[in-house]
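Notes to accompany the following structure.
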Amino acid sequence: MYKRLFTIIAFFSFILTSCENDKAVTKLSDGTKIINSSTLIETKGYQSKTPVEVYVKDGTVLKVVTLPNTETPSYFRRISTYLIPLYENKSVDEALELSKNMHVDGCTGATYSVRSVQKNINAALEHISK
């Protein structure tokens with residue numbers, strides 16, 4: 001009896017650990033992966049966290065979407081206008097390099113927010129490239 005119970009417990013333990021859920025990645029039916037940075041990194045802009053979702057399909061960044069935050073709306077709109085589109089249609093490797101080396105804070109006037117968004121994008125891209 002105990003041997004059978006042990007076998008059943010061991011089996012379910014194996015199943016649960018081998019099917020570990022990646023909370024940061026959502027997979028769509030068309031193969032697109034959505035990487036949510038909010039579970040990957042704790043970085044703050046000027047006022048709050050600036051999480052993003054990065055959409056990747058076949059090794060290409062389809063889009064980056066900023067998630068709700070409490071940054072100053074007028075500055076954050078500039079980030080959405082000038083920074084976010086730069087990642088679209090780039091390979092994951094190109095986008096990763098861009099997230100590490102680009103400096104657009106002078107353009108937007110939102111230095112802390114830009115750096116935080118870039119760190120979030122970088123964390124998402126690093127996670128998917130593993």
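Following the order of the structure tokens, chains are lettered A, B, ..., residues in each are numbered from 1, and ligands are numbered from 1.
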Item to complete: Please provide as a list in words all residues within 6 Å of Ile34 in chain A, with the sequence filter that same-chain residues fewer than 5 positions apart are discarded (counting only C-alpha atoms).
Response: Val25, Thr26, Val54 and Tyr55 of chain A
Restricting it to N, CA and C atoms, dump the selection as a PDB file, in the first residue's frame.
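That gives us result.pdb:
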ATOM      1  N   VAL A  25       5.673  34.267 -20.033  1.00  0.00           N
ATOM      2  CA  VAL A  25       5.425  34.049 -21.466  1.00  0.00           C
ATOM      3  C   VAL A  25       4.040  33.454 -21.693  1.00  0.00           C
ATOM      4  N   THR A  26       3.323  34.069 -22.608  1.00  0.00           N
ATOM      5  CA  THR A  26       2.034  33.554 -23.065  1.00  0.00           C
ATOM      6  C   THR A  26       2.203  33.180 -24.528  1.00  0.00           C
ATOM      7  N   VAL A  54       6.307  42.258 -24.861  1.00  0.00           N
ATOM      8  CA  VAL A  54       7.012  42.174 -26.135  1.00  0.00           C
ATOM      9  C   VAL A  54       6.434  40.989 -26.898  1.00  0.00           C
ATOM     10  N   TYR A  55       5.957  41.230 -28.102  1.00  0.00           N
ATOM     11  CA  TYR A  55       5.364  40.203 -28.957  1.00  0.00           C
ATOM     12  C   TYR A  55       6.423  39.706 -29.932  1.00  0.00           C
TER      13      TYR A  55
END
Practice prompt. Just give me the gap between CA of Val117 in chain A and CA of Glu97 in chain A in Å, one decimal is fine.
Written response: 14.5 Å
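For chain A, a DSSP pass over the backbone yields strand (DSSP E or B) at Val25, Thr26, Lys27, Lys33, Ile34, Ile35, Asn36, Lys44, Lys49, Val52, Glu53, Val54, Tyr55, Val56, Lys57, Thr60, Val61, Leu62, Lys63, Val64, Val65, Thr66, Lys90 and Ser91 of chain A.
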Keeping N, CA and C atoms, export the residues of the selection given above as a PDB file, in the first residue's frame.
ATOM      1  N   VAL A  25       5.673  34.267 -20.033  1.00  0.00           N
ATOM      2  CA  VAL A  25       5.425  34.049 -21.466  1.00  0.00           C
ATOM      3  C   VAL A  25       4.040  33.454 -21.693  1.00  0.00           C
ATOM      4  N   THR A  26       3.323  34.069 -22.608  1.00  0.00           N
ATOM      5  CA  THR A  26       2.034  33.554 -23.065  1.00  0.00           C
ATOM      6  C   THR A  26       2.203  33.180 -24.528  1.00  0.00           C
ATOM      7  N   LYS A  27       1.769  31.988 -24.892  1.00  0.00           N
ATOM      8  CA  LYS A  27       1.887  31.555 -26.283  1.00  0.00           C
ATOM      9  C   LYS A  27       0.510  31.593 -26.940  1.00  0.00           C
ATOM     10  N   LYS A  33       4.660  34.663 -29.216  1.00  0.00           N
ATOM     11  CA  LYS A  33       4.925  34.616 -27.784  1.00  0.00           C
ATOM     12  C   LYS A  33       4.858  36.039 -27.247  1.00  0.00           C
ATOM     13  N   ILE A  34       4.129  36.206 -26.156  1.00  0.00           N
ATOM     14  CA  ILE A  34       4.015  37.506 -25.508  1.00  0.00           C
ATOM     15  C   ILE A  34       4.790  37.417 -24.205  1.00  0.00           C
ATOM     16  N   ILE A  35       5.829  38.237 -24.085  1.00  0.00           N
ATOM     17  CA  ILE A  35       6.653  38.220 -22.890  1.00  0.00           C
ATOM     18  C   ILE A  35       6.311  39.437 -22.052  1.00  0.00           C
ATOM     19  N   ASN A  36       5.836  39.196 -20.840  1.00  0.00           N
ATOM     20  CA  ASN A  36       5.445  40.259 -19.924  1.00  0.00           C
ATOM     21  C   ASN A  36       6.608  40.509 -18.969  1.00  0.00           C
ATOM     22  N   LYS A  44      12.179  50.915 -11.932  1.00  0.00           N
ATOM     23  CA  LYS A  44      11.235  52.010 -11.780  1.00  0.00           C
ATOM     24  C   LYS A  44      11.656  53.188 -12.645  1.00  0.00           C
ATOM     25  N   LYS A  49       6.827  51.691 -11.773  1.00  0.00           N
ATOM     26  CA  LYS A  49       7.313  50.648 -12.667  1.00  0.00           C
ATOM     27  C   LYS A  49       6.767  50.917 -14.065  1.00  0.00           C
ATOM     28  N   VAL A  52       6.328  46.204 -19.751  1.00  0.00           N
ATOM     29  CA  VAL A  52       5.969  46.113 -21.168  1.00  0.00           C
ATOM     30  C   VAL A  52       5.620  44.674 -21.509  1.00  0.00           C
ATOM     31  N   GLU A  53       4.960  44.509 -22.632  1.00  0.00           N
ATOM     32  CA  GLU A  53       4.781  43.205 -23.252  1.00  0.00           C
ATOM     33  C   GLU A  53       5.475  43.264 -24.603  1.00  0.00           C
ATOM     34  N   VAL A  54       6.307  42.258 -24.861  1.00  0.00           N
ATOM     35  CA  VAL A  54       7.012  42.174 -26.135  1.00  0.00           C
ATOM     36  C   VAL A  54       6.434  40.989 -26.898  1.00  0.00           C
ATOM     37  N   TYR A  55       5.957  41.230 -28.102  1.00  0.00           N
ATOM     38  CA  TYR A  55       5.364  40.203 -28.957  1.00  0.00           C
ATOM     39  C   TYR A  55       6.423  39.706 -29.932  1.00  0.00           C
ATOM     40  N   VAL A  56       6.713  38.401 -29.887  1.00  0.00           N
ATOM     41  CA  VAL A  56       7.749  37.815 -30.735  1.00  0.00           C
ATOM     42  C   VAL A  56       7.174  36.629 -31.494  1.00  0.00           C
ATOM     43  N   LYS A  57       7.475  36.574 -32.795  1.00  0.00           N
ATOM     44  CA  LYS A  57       7.066  35.429 -33.610  1.00  0.00           C
ATOM     45  C   LYS A  57       8.199  35.102 -34.579  1.00  0.00           C
ATOM     46  N   THR A  60      11.285  37.295 -34.517  1.00  0.00           N
ATOM     47  CA  THR A  60      11.137  38.709 -34.862  1.00  0.00           C
ATOM     48  C   THR A  60      10.212  39.400 -33.866  1.00  0.00           C
ATOM     49  N   VAL A  61      10.608  40.585 -33.436  1.00  0.00           N
ATOM     50  CA  VAL A  61       9.760  41.382 -32.549  1.00  0.00           C
ATOM     51  C   VAL A  61       8.651  42.001 -33.393  1.00  0.00           C
ATOM     52  N   LEU A  62       7.419  41.618 -33.101  1.00  0.00           N
ATOM     53  CA  LEU A  62       6.285  42.180 -33.836  1.00  0.00           C
ATOM     54  C   LEU A  62       5.920  43.562 -33.304  1.00  0.00           C
ATOM     55  N   LYS A  63       5.863  43.661 -31.977  1.00  0.00           N
ATOM     56  CA  LYS A  63       5.543  44.953 -31.363  1.00  0.00           C
ATOM     57  C   LYS A  63       5.900  44.916 -29.889  1.00  0.00           C
ATOM     58  N   VAL A  64       5.988  46.103 -29.313  1.00  0.00           N
ATOM     59  CA  VAL A  64       6.172  46.279 -27.878  1.00  0.00           C
ATOM     60  C   VAL A  64       5.007  47.118 -27.398  1.00  0.00           C
ATOM     61  N   VAL A  65       4.363  46.665 -26.328  1.00  0.00           N
ATOM     62  CA  VAL A  65       3.215  47.373 -25.769  1.00  0.00           C
ATOM     63  C   VAL A  65       3.542  47.774 -24.336  1.00  0.00           C
ATOM     64  N   THR A  66       3.392  49.060 -24.032  1.00  0.00           N
ATOM     65  CA  THR A  66       3.604  49.494 -22.656  1.00  0.00           C
ATOM     66  C   THR A  66       2.352  49.171 -21.850  1.00  0.00           C
ATOM     67  N   LYS A  90      12.269  43.974 -35.855  1.00  0.00           N
ATOM     68  CA  LYS A  90      13.689  43.669 -35.656  1.00  0.00           C
ATOM     69  C   LYS A  90      13.802  42.221 -35.201  1.00  0.00           C
ATOM     70  N   SER A  91      14.913  41.586 -35.513  1.00  0.00           N
ATOM     71  CA  SER A  91      15.144  40.253 -34.960  1.00  0.00           C
ATOM     72  C   SER A  91      15.344  40.417 -33.452  1.00  0.00           C
TER      73      SER A  91
END
Worksheet item: Just how far from CA of Glu94 in chain A is CA of Tyr112 in chain A, in Å to one decimal?
Response: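 Distance reported for this atom pair: 23.0 Å.
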Worksheet item: Distance CA of Thr39 in chain A-CA of Asp22 in chain A, one decimal place?
Response: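 These two atoms are separated by 9.8 Å.
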Fill in: Non-local contacts of Asn101 in chain A (12 Å; only C-alpha atoms; under 5 positions in same chain excluded) as a PyMOL selection string
chain A and resi 94-96+115+118-119+122
Worksheet item: Near Ser74 in chain A, counting only C-alpha atoms, which residues have an atom at most 12 Å away, once you skip same-chain residues fewer than 4 positions from it, shown as a list of chain:residue names?
Response: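 In the requested format, the answer is A:Thr70, A:Arg78, A:Ile79, A:Ser80, A:Thr81, A:Thr108, A:Gly109, A:Ala110, A:Ser113.
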Practice prompt. Would you mind telling me which residue in A:Ile41, A:Val114, A:Leu67, A:Leu28 lies nearest to Glu126 in chain A when using only C-alpha atoms?
Written response: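 Looking only at the distances to Glu126 in chain A, the closest residue turns out to be A:Ile41.
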Worksheet entry | Residue among A:Leu40, A:Ile84, A:Val92, A:Met102 lying closest to Asp58 in chain A, counting only C-alpha atoms | A:Val92
Discussion item. Please return, as an NGL selection string, all residues of chain A that DSSP assigns to helix (DSSP H, G or I) on the basis of the backbone.
Written reply: :A and (2-18 or 37-39 or 73-87 or 92-101 or 105-108 or 111-128)
